[in-house]
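One structure is given below, encoded as structure tokens.
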Amino acid sequence: MNLARQEILQRIRKGLGAVPTNRAEHYEEIGRRYTQTGGLDFESKLALFEDRLRDYDAVVHRCSRITLRETIADALKQRGKRQMLIPEGFNADCLPSDSVEFVRDAGKSYEELDRSEGVLTNCDVAVALSGTIILRHSFAQGRRALTLIPDYHLCIVEASQIVETVAEGIRALDNPTEPITTISGPSATADIEMTRIKGVHGPRTLDVILVVD
Amino acid sequence: MLISLFITCYNDTLFPNTGKAVVTLLERLGHQVEFRSAQTCCGQMHYNTGYQREALPIMLQFLKVFRGAEVICIPSASCVAMIRDHYPKMAAETCDPEIIAEVTGLLPRIFEFSELLIDKLGVTDVGAFFPHQVTLHTSCHSLRSLQVGEKPAILLKAVRGLNLVELGDSDQCCGFGGTFAVKNADVSSAMLSDKTRCILDTGAEICTAGDNSCLMHIGGGLSRQNTGVRCLHLAEILASTERGGGL
Amino acid sequence: MTVRVGEAAHAQDFPAAAKELLTNTQLRHNVRHATSVIRGKRARVVGEMADWEDLREAGHQIKDHTLRHLDVYLEQFEEACIRAGGKVHWARDADEANRIVIGIIQSHGQTEVIKVKTMTSDEVGMNPALEAAGITPYETDLADLIVQLGEDKPSHIVVPALHRNRMEIRQIFLDKMGLCELGDKPQDLTNAARHYLREKFLRVKVGISGANFAVAETGAVCVVESEGNGRMCLSLPEVLISLIGIEKVIPRFSDLEVFLQLLPRSATGERMNPYNSIWTGISAGDGPREFHVVLLDNGRTNVLADEESRETLDCIRCGACLNACPVYQQTGGHAYGSIYSGPIGAIVTPQLQSMQHSQTLPYASSLCGACYEVCPVKINIPEILIHLRGKVVQNGDAPLAEWLSMKAAAFALSSAGRLAAMQKLARFAQWPFEKDGNLHHLPGLLGGWTETRDLPSIPDESFRDWWAKREKARQT
């Protein structure tokens, strides 16, 4: 194994020949004239985000912090949900206390996740341009299996978490150590005669609650 | 203006009428044409087929022949692309500063035919008459390497009596590709088949382009299928007047 | 090191393979439809981006820079990955990679693995190697599943089963999934795949993946996908093995901002693909307990060593060049005899194998340049094709008849006198083939022309003849 490593690195060095030593400087010289920050105002950015989500057939519920609780209840009622999973570290302050039961994901088996009606989480950051929701898998936002196996995902996105461009979104993550999942609509394939079919694996239904203060 | 003509090896041999048309047209526009008879070829066929070593003496011959020519007209986009895209690289590989300098000095002096008319001579209406329905094939080199854009179309639209019909899927290669046409003859003719279909869809009587290489291939297919459509180089249309063709 | 690129070493010559495939009307119809759909989608979403050319340039420069310092970045990645709890192995060639992977699986006493799409595993022939070792691999990408169940080969980088229509897929599923009945709408087929694979996702303990990007600075690995099977294979099993070509490294996490814009728009014509998974080593209580990276050479160092074609390794496997290629559009991917088909396949396959095989691939192009136009990282594919053709000739592997003709032509074209003499000779020699102003049934290489196209006979008077006469007349 070490021999392979040595050989490969040797072959690389031999193939490259003499290499300039100022690698870091070289890196900084890379031309980056692409758009890094968006120029939309707050409302336009929100509207764009919502628009992109609707493109994916996601149902978007707009609310304020005050009406968040009843919006969650409403959203789940519309989907006929009686029991929802939540991440272990989810802040339960905003949860409605009747109509729906919320169960924390503490060491559930994959089969249990599979049998659940759905999962409710927050997110880390969202990108308006592509309608992308980014999850940072952690105590607060839950392990990866939690937002993968259940068939329904309801995600709460704070308007303040929304950035305009993909570049801003990646930067907001700031070299994460936790696993990251970016979600842009429900899963899809175009492998059958180029017809785009939604819902292969992963949650087939994704709804969003957009909290605007 | 004194304009030096690089006829190109295949035009010289197979399509002399294109050369004659270029001469006729440029003289009609009041310019003087010279033909340096020591010229041969740009080296494209060899270079593109992998015989780069053999292409070098051909390039050197080109440089020698056209030393001192201020304006060089080339009625073949692929040859111009060869010179612009590959001569600098070939020169650099010789590590000879004189050759490198000569190629650098050559590039601003060469003009593809439609470039010459519009960019250098500032002419869009060449006083031509050609009462036919025509469609324009944009060769890959003219489209992507030279980026001539609308130039050929602008020239054609100014021709009296000419009805220019747009060609569908015009950015698709016709399938000539130099030696590709024989080394991969089956795929080449499959591609030609698509191009032929697009041409026939236009209802045009004539397909034109700035490259006889493409036209030889397209025309070969159109005539084999007895379509009643023929090919003609842009220069021959532009040289045409009420008194007849470009001669 | 014995480089293997799937079955490419034993593949038919491109012209022969193409000839056969051109007769498959179903294939041609599917390929034409599929490539034109993605072409259209790509054009739309790329058209939205005012800074597209800037992104391409940045992508190109980042990749070029990384390759220029590849050894340092690989060591950096290894260190960061190990720090985060991952294990890093190095594989010089296909066999070594398979040995390492099989070793890991067997050390856990497992006999099944779920796989998320990775062309690299096709490159090393991993599935046959696993099966020979008594391990069953389950492909979980819908298209790869279709190909696997259909005992077929992939024909495109991004949509590997595009040569199959839904009725063929339905039949494959009915036969191989043990179903009694199955609808024929795409939704029905997708539901069948979902059901078939779900129990495997929840049960199988070892996952195998590739990677789109490996971040040197942090040790993060990124997989770009649409269906969700990637997320399944990457986060549910206990053990994850990722086979990563050494050229997949990028310097920093933030560099993903460039590639996650270039890749989805180029590959599937979307602003963003449904899912991206980015993980670093091991995370307690979330996902695999063991994470192995197998860094793969398998000929990449050959490509790296050729400065003129090094940028072949910039490729981010988007498939846009395939969709743009007028040759690919006629033949589909199988004609290239390699997991890597289309324009990128034509340059990467022979280079990985040091030009010992797949030598007809650099000629499988009319040099139209459509690929270069759409490549998100600006690989000058036509330039590299010409360079590789040069290598074929230099290595003495050009067909003899061609070599002789080209030598003769070079001789003729090096002086006007000789050219004029050749023209006279040709005019004379064409006589047996000439009829009604056209040439027919030309021999040898040129026969390929006259089979399907007319060729006008050589005019009696060349341009230079005409000019010389005119000049003479003017002087008198």
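By convention here, the chains of the structure tokens are called A, B, ... in the order presented, each chain's residues are numbered starting at 1, and ligands are numbered starting at 1 in the order presented.
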
What's around Thr40 of chain B at 6 Å? Count only C-alpha atoms, leave out sequence neighbours fewer than 3 positions away in its own chain, and write the answer as a PDB file with C-alpha atoms, in the first residue's frame.
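Saved the output as result.pdb:
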```pdb
ATOM      1  CA  CYS B   9      -4.368  23.338 -53.071  1.00  0.00           C
TER       2      CYS B   9
ATOM      3  CA  LEU C 413       2.883  19.945 -51.877  1.00  0.00           C
ATOM      4  CA  ALA C 416       4.624  24.384 -56.928  1.00  0.00           C
TER       5      ALA C 416
END
```

Point to revise | Exercise answer, chain A residues close to chain C, 7 Å and only C-alpha atoms, as a ChimeraX atom specification | key: /A:1,4-5,8-9,11-13,15-16,27,30-35,110,130,143-145,166-167,170-171,175,177-189,191-194,197,200-202

If you keep N, CA and C atoms, can you produce a file of those selected residues as a compact mmCIF listing (two decimals), in the first residue's frame?
```txt
# COMPACT_ATOMS: atom_id res chain seq x y z
N MET A 1 0.85 -1.20 0.00
CA MET A 1 0.00 0.00 0.00
C MET A 1 0.88 1.25 0.00
N ALA A 4 2.59 1.55 -3.29
CA ALA A 4 1.73 2.12 -4.33
C ALA A 4 1.70 3.63 -4.20
N ARG A 5 1.57 4.10 -2.97
CA ARG A 5 1.52 5.54 -2.72
C ARG A 5 2.79 6.21 -3.23
N ILE A 8 2.98 6.13 -7.11
CA ILE A 8 2.08 7.07 -7.76
C ILE A 8 2.60 8.50 -7.61
N LEU A 9 3.00 8.86 -6.42
CA LEU A 9 3.50 10.23 -6.21
C LEU A 9 4.76 10.46 -7.03
N ARG A 11 5.50 9.01 -9.89
CA ARG A 11 5.10 9.14 -11.28
C ARG A 11 4.53 10.53 -11.55
N ILE A 12 3.79 11.03 -10.59
CA ILE A 12 3.23 12.38 -10.74
C ILE A 12 4.36 13.39 -10.84
N ARG A 13 5.29 13.31 -9.90
CA ARG A 13 6.39 14.29 -9.89
C ARG A 13 7.22 14.21 -11.15
N GLY A 15 6.21 13.14 -14.05
CA GLY A 15 5.41 13.62 -15.18
C GLY A 15 5.31 15.13 -15.23
N LEU A 16 5.29 15.76 -14.05
CA LEU A 16 5.14 17.21 -14.02
C LEU A 16 6.44 17.93 -14.28
N TYR A 27 -2.36 29.75 -6.66
CA TYR A 27 -3.78 29.53 -6.41
C TYR A 27 -4.52 30.86 -6.37
N ILE A 30 -5.67 32.51 -9.65
CA ILE A 30 -6.74 31.96 -10.48
C ILE A 30 -7.81 33.03 -10.71
N GLY A 31 -8.15 33.26 -11.96
CA GLY A 31 -9.11 34.31 -12.31
C GLY A 31 -10.53 33.94 -11.89
N ARG A 32 -11.14 34.78 -11.09
CA ARG A 32 -12.51 34.50 -10.66
C ARG A 32 -13.40 35.70 -10.95
N ARG A 33 -13.72 35.86 -12.24
CA ARG A 33 -14.55 37.01 -12.59
C ARG A 33 -16.04 36.65 -12.58
N TYR A 34 -16.34 35.42 -12.17
CA TYR A 34 -17.75 35.03 -12.16
C TYR A 34 -18.47 35.76 -11.03
N THR A 35 -19.78 35.80 -11.15
CA THR A 35 -20.59 36.50 -10.15
C THR A 35 -20.48 35.80 -8.80
N TYR A 110 -33.62 1.85 10.59
CA TYR A 110 -34.01 2.27 9.24
C TYR A 110 -35.44 1.86 8.95
N SER A 130 -31.26 28.67 -7.37
CA SER A 130 -31.49 27.29 -7.79
C SER A 130 -32.57 26.61 -6.96
N ARG A 143 -29.51 13.47 11.52
CA ARG A 143 -28.59 12.65 10.72
C ARG A 143 -29.14 12.50 9.31
N ARG A 144 -28.29 12.04 8.41
CA ARG A 144 -28.64 11.97 6.99
C ARG A 144 -29.82 11.04 6.73
N ALA A 145 -29.83 9.90 7.40
CA ALA A 145 -30.90 8.92 7.15
C ALA A 145 -32.28 9.51 7.46
N VAL A 166 -25.27 30.36 -5.72
CA VAL A 166 -24.63 29.12 -5.27
C VAL A 166 -23.31 29.44 -4.58
N ALA A 167 -22.58 30.40 -5.12
CA ALA A 167 -21.29 30.77 -4.52
C ALA A 167 -21.49 31.24 -3.08
N ILE A 170 -22.25 28.16 -0.83
CA ILE A 170 -21.07 27.37 -0.47
C ILE A 170 -20.23 28.08 0.57
N ARG A 171 -20.10 29.40 0.37
CA ARG A 171 -19.31 30.16 1.34
C ARG A 171 -19.94 30.18 2.72
N ASN A 175 -16.40 25.71 5.10
CA ASN A 175 -15.59 24.53 5.42
C ASN A 175 -16.20 23.65 6.50
N THR A 177 -17.39 20.52 8.76
CA THR A 177 -16.89 19.19 9.08
C THR A 177 -18.03 18.18 9.07
N GLU A 178 -19.25 18.70 9.30
CA GLU A 178 -20.41 17.80 9.31
C GLU A 178 -20.79 17.43 7.88
N PRO A 179 -21.52 16.32 7.73
CA PRO A 179 -22.02 15.99 6.39
C PRO A 179 -23.02 17.05 5.92
N ILE A 180 -23.02 17.28 4.63
CA ILE A 180 -23.89 18.28 4.02
C ILE A 180 -24.73 17.61 2.94
N THR A 181 -26.01 17.97 2.90
CA THR A 181 -26.81 17.53 1.75
C THR A 181 -27.47 18.75 1.15
N THR A 182 -27.32 18.92 -0.15
CA THR A 182 -28.07 20.00 -0.82
C THR A 182 -29.26 19.36 -1.51
N ILE A 183 -30.40 20.00 -1.36
CA ILE A 183 -31.64 19.45 -1.91
C ILE A 183 -32.26 20.47 -2.84
N SER A 184 -32.43 20.10 -4.08
CA SER A 184 -33.07 21.02 -5.05
C SER A 184 -34.24 20.29 -5.66
N GLY A 185 -35.33 20.25 -4.94
CA GLY A 185 -36.50 19.54 -5.41
C GLY A 185 -36.42 18.08 -5.02
N PRO A 186 -37.48 17.36 -5.26
CA PRO A 186 -37.48 15.94 -4.93
C PRO A 186 -36.61 15.19 -5.94
N SER A 187 -36.27 13.95 -5.63
CA SER A 187 -35.38 13.19 -6.51
C SER A 187 -36.03 13.01 -7.87
N ALA A 188 -35.19 12.84 -8.87
CA ALA A 188 -35.72 12.74 -10.23
C ALA A 188 -34.77 11.94 -11.09
N THR A 189 -35.32 11.43 -12.14
CA THR A 189 -34.48 10.77 -13.13
C THR A 189 -35.00 11.13 -14.51
N ASP A 191 -33.84 9.04 -16.98
CA ASP A 191 -33.20 7.90 -17.64
C ASP A 191 -34.12 7.12 -18.55
N ILE A 192 -35.42 7.37 -18.44
CA ILE A 192 -36.34 6.63 -19.30
C ILE A 192 -36.86 7.56 -20.37
N GLU A 193 -36.29 7.41 -21.56
CA GLU A 193 -36.69 8.21 -22.72
C GLU A 193 -36.65 9.71 -22.44
N MET A 194 -35.75 10.11 -21.57
CA MET A 194 -35.56 11.52 -21.29
C MET A 194 -36.79 12.19 -20.70
N ILE A 197 -38.91 12.10 -14.49
CA ILE A 197 -39.83 11.48 -13.54
C ILE A 197 -39.35 11.82 -12.15
N VAL A 200 -37.74 9.05 -7.21
CA VAL A 200 -37.15 7.73 -7.34
C VAL A 200 -36.86 7.24 -5.92
N HIS A 201 -35.77 7.74 -5.32
CA HIS A 201 -35.53 7.40 -3.92
C HIS A 201 -35.57 8.71 -3.16
N GLY A 202 -35.38 8.69 -1.88
CA GLY A 202 -35.48 9.94 -1.15
C GLY A 202 -36.93 10.38 -1.06
```

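For the pair atom CA of Pro176 of chain A and atom CA of Phe139 of chain A, the separation is 14.3 Å.
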
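Between atom CA of Asp460 of chain C and atom CA of Arg224 of chain B lies a distance of 22.4 Å.
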
Exercise for review: Using only C-alpha atoms, determine which residues lie at most 10 Å from Tyr372 of chain C, disregarding the query and same-chain residues fewer than 6 positions distant; provide the list as an MDAnalysis selection string.
Suggested key: (chainID B and resid 144) or (chainID C and resid 320:321 324:325 343 378:383)

Pull the closest atom pair for each residue of chain B that gets at most 8 Å from chain C, along with the distance in Å to one decimal, counting only C-alpha atoms, ordering rows by chain and then ascending residue number, as CSV.
```
residue,atom,partner,partner_atom,distance
B:Ile7,CA,C:Phe463,CA,7.9
B:Asn11,CA,C:Phe463,CA,7.6
B:Asp12,CA,C:Phe463,CA,4.8
B:Thr13,CA,C:Ser462,CA,5.1
B:Leu14,CA,C:Ile458,CA,5.4
B:Phe15,CA,C:Phe463,CA,7.7
B:Pro16,CA,C:Phe463,CA,4.4
B:Asn17,CA,C:Phe463,CA,7.4
B:Gly19,CA,C:Phe463,CA,6.4
B:Lys20,CA,C:Phe463,CA,7.2
B:Phe35,CA,C:Trp467,CA,7.7
B:Ser37,CA,C:Ala416,CA,7.0
B:Ala38,CA,C:Ala416,CA,5.0
B:Gln39,CA,C:Ala416,CA,5.9
B:Thr40,CA,C:Ala416,CA,5.5
B:Cys41,CA,C:Leu413,CA,6.2
B:His46,CA,C:Met406,CA,7.0
B:Tyr47,CA,C:Ile386,CA,7.5
B:Asn48,CA,C:Ile386,CA,5.5
B:Thr49,CA,C:Arg389,CA,6.2
B:Gly50,CA,C:Gly390,CA,3.7
B:Tyr51,CA,C:Gly390,CA,5.9
B:Gln52,CA,C:Gly390,CA,6.4
B:Glu54,CA,C:Ala410,CA,6.1
B:Ala55,CA,C:Ala410,CA,7.4
B:Pro57,CA,C:Ser414,CA,6.7
B:Ile58,CA,C:Ser414,CA,5.5
B:Gln61,CA,C:Ser414,CA,6.8
B:Cys140,CA,C:Cys368,CA,5.3
B:His141,CA,C:Cys368,CA,7.2
B:Arg144,CA,C:Gly369,CA,6.9
B:Gln172,CA,C:Pro326,CA,6.7
B:Cys173,CA,C:Cys368,CA,6.1
B:Gly175,CA,C:Ser366,CA,6.3
B:Phe176,CA,C:Ser366,CA,6.6
B:Gly177,CA,C:Ser366,CA,4.0
B:Gly178,CA,C:Ser366,CA,7.2
B:Phe180,CA,C:Ser366,CA,5.7
B:Ala181,CA,C:Trp449,CA,6.8
B:Val182,CA,C:Gly448,CA,5.1
B:Lys183,CA,C:Leu445,CA,7.4
B:Asn184,CA,C:Pro15,CA,5.6
B:Ala185,CA,C:Gly448,CA,5.3
B:Asp186,CA,C:Lys19,CA,6.0
B:Val187,CA,C:Val327,CA,6.7
B:Ser189,CA,C:Thr452,CA,6.7
B:Ala190,CA,C:Gln330,CA,6.8
B:Met191,CA,C:Pro326,CA,7.0
B:Met216,CA,C:Leu455,CA,7.4
B:His217,CA,C:Arg453,CA,7.1
B:Gly219,CA,C:Asp454,CA,7.7
B:Gly220,CA,C:Asp454,CA,4.2
B:Gly221,CA,C:Arg453,CA,4.7
B:Ser223,CA,C:Asp454,CA,6.4
B:Arg224,CA,C:Asp454,CA,5.4
```

Could you write those residues out with C-alpha atoms, as a PDB file, in the first residue's frame?
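File produced: result-v8.pdb:
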```pdb
ATOM      1  CA  ILE B   7      -6.068  29.786 -53.900  1.00  0.00           C
ATOM      2  CA  ASN B  11      -9.425  24.843 -55.042  1.00  0.00           C
ATOM      3  CA  ASP B  12      -6.522  25.050 -57.433  1.00  0.00           C
ATOM      4  CA  THR B  13      -6.954  21.437 -58.493  1.00  0.00           C
ATOM      5  CA  LEU B  14     -10.684  20.785 -58.205  1.00  0.00           C
ATOM      6  CA  PHE B  15     -12.480  24.151 -58.082  1.00  0.00           C
ATOM      7  CA  PRO B  16     -10.619  26.585 -60.318  1.00  0.00           C
ATOM      8  CA  ASN B  17     -13.875  28.434 -61.001  1.00  0.00           C
ATOM      9  CA  GLY B  19     -10.504  31.191 -57.910  1.00  0.00           C
ATOM     10  CA  LYS B  20     -11.598  32.764 -61.156  1.00  0.00           C
ATOM     11  CA  PHE B  35      -1.100  35.219 -57.770  1.00  0.00           C
ATOM     12  CA  SER B  37       2.741  30.919 -58.475  1.00  0.00           C
ATOM     13  CA  ALA B  38       5.162  29.294 -56.040  1.00  0.00           C
ATOM     14  CA  GLN B  39       2.300  28.718 -53.607  1.00  0.00           C
ATOM     15  CA  THR B  40       1.091  25.231 -52.805  1.00  0.00           C
ATOM     16  CA  CYS B  41      -0.851  24.417 -49.634  1.00  0.00           C
ATOM     17  CA  HIS B  46      -1.251  16.647 -42.993  1.00  0.00           C
ATOM     18  CA  TYR B  47      -1.411  18.509 -39.717  1.00  0.00           C
ATOM     19  CA  ASN B  48      -4.928  17.401 -38.851  1.00  0.00           C
ATOM     20  CA  THR B  49      -4.329  13.781 -39.798  1.00  0.00           C
ATOM     21  CA  GLY B  50      -1.367  13.470 -37.459  1.00  0.00           C
ATOM     22  CA  TYR B  51       1.443  14.133 -39.908  1.00  0.00           C
ATOM     23  CA  GLN B  52       2.567  17.293 -38.152  1.00  0.00           C
ATOM     24  CA  GLU B  54       5.262  16.676 -42.789  1.00  0.00           C
ATOM     25  CA  ALA B  55       3.159  19.800 -42.389  1.00  0.00           C
ATOM     26  CA  PRO B  57       7.904  22.244 -44.599  1.00  0.00           C
ATOM     27  CA  ILE B  58       4.544  23.081 -46.171  1.00  0.00           C
ATOM     28  CA  GLN B  61       6.863  27.203 -47.985  1.00  0.00           C
ATOM     29  CA  CYS B 140     -17.504  24.568 -38.621  1.00  0.00           C
ATOM     30  CA  HIS B 141     -14.283  26.484 -39.146  1.00  0.00           C
ATOM     31  CA  ARG B 144     -16.297  28.326 -34.463  1.00  0.00           C
ATOM     32  CA  GLN B 172     -24.272  20.873 -37.176  1.00  0.00           C
ATOM     33  CA  CYS B 173     -21.192  19.595 -38.946  1.00  0.00           C
ATOM     34  CA  GLY B 175     -19.479  15.353 -41.890  1.00  0.00           C
ATOM     35  CA  PHE B 176     -16.575  16.209 -44.197  1.00  0.00           C
ATOM     36  CA  GLY B 177     -13.806  16.704 -41.624  1.00  0.00           C
ATOM     37  CA  GLY B 178     -10.936  16.230 -44.073  1.00  0.00           C
ATOM     38  CA  PHE B 180     -12.488  11.813 -41.730  1.00  0.00           C
ATOM     39  CA  ALA B 181     -14.638  11.643 -44.852  1.00  0.00           C
ATOM     40  CA  VAL B 182     -12.792   8.544 -46.003  1.00  0.00           C
ATOM     41  CA  LYS B 183     -11.391   7.144 -42.764  1.00  0.00           C
ATOM     42  CA  ASN B 184     -14.867   7.115 -41.262  1.00  0.00           C
ATOM     43  CA  ALA B 185     -16.873   7.120 -44.447  1.00  0.00           C
ATOM     44  CA  ASP B 186     -19.959   5.514 -42.913  1.00  0.00           C
ATOM     45  CA  VAL B 187     -20.380   8.024 -40.130  1.00  0.00           C
ATOM     46  CA  SER B 189     -22.282   9.857 -44.875  1.00  0.00           C
ATOM     47  CA  ALA B 190     -24.705   9.487 -41.969  1.00  0.00           C
ATOM     48  CA  MET B 191     -23.897  13.065 -40.985  1.00  0.00           C
ATOM     49  CA  MET B 216     -17.610  18.983 -52.350  1.00  0.00           C
ATOM     50  CA  HIS B 217     -18.934  16.562 -49.749  1.00  0.00           C
ATOM     51  CA  GLY B 219     -22.642  18.408 -53.337  1.00  0.00           C
ATOM     52  CA  GLY B 220     -21.446  14.846 -53.758  1.00  0.00           C
ATOM     53  CA  GLY B 221     -24.375  13.644 -51.681  1.00  0.00           C
ATOM     54  CA  SER B 223     -25.945  14.817 -56.753  1.00  0.00           C
ATOM     55  CA  ARG B 224     -25.715  11.107 -55.884  1.00  0.00           C
TER      56      ARG B 224
END
```

**Study point:** Contacts of Gly6 of chain C at 8 Å (only C-alpha atoms; same-chain gap of 2+ positions) as a PyMOL selection string
**Key:** chain C and resi 4+8-9+122-125+338-339

Selection export as a short mmCIF file (atom, residue, chain, number, x, y, z; two decimals), in the first residue's frame, atoms kept: C-alpha atoms:
```
data_model
loop_
_atom_site.label_atom_id
_atom_site.label_comp_id
_atom_site.auth_asym_id
_atom_site.auth_seq_id
_atom_site.Cartn_x
_atom_site.Cartn_y
_atom_site.Cartn_z
CA ARG C 4 -7.25 -1.35 -17.86
CA ALA C 8 -11.35 -0.99 -24.37
CA ALA C 9 -8.19 -2.96 -25.08
CA ASP C 122 -16.51 0.27 -14.75
CA GLU C 123 -13.09 1.42 -15.84
CA VAL C 124 -11.36 -1.00 -13.48
CA GLY C 125 -13.85 -3.78 -14.20
CA SER C 338 -15.01 2.19 -23.85
CA ILE C 339 -16.84 3.30 -20.73
#
```

Exercise for review: Point out the residue among B:Val123, B:Ala69, B:Ala91, B:Cys198 with the least atom-to-atom distance to His137 of chain B, counting only C-alpha atoms.
Suggested key: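 Closest residue, counting only C-alpha atoms: B:Cys198.
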
Point to revise | Residue set, segment 132-333 of chain C restricted to strand (DSSP E), as number ranges by chain | key: C: 136-139, 206-209, 213-215, 220-225, 239-245, 249-250, 275-280, 290-296
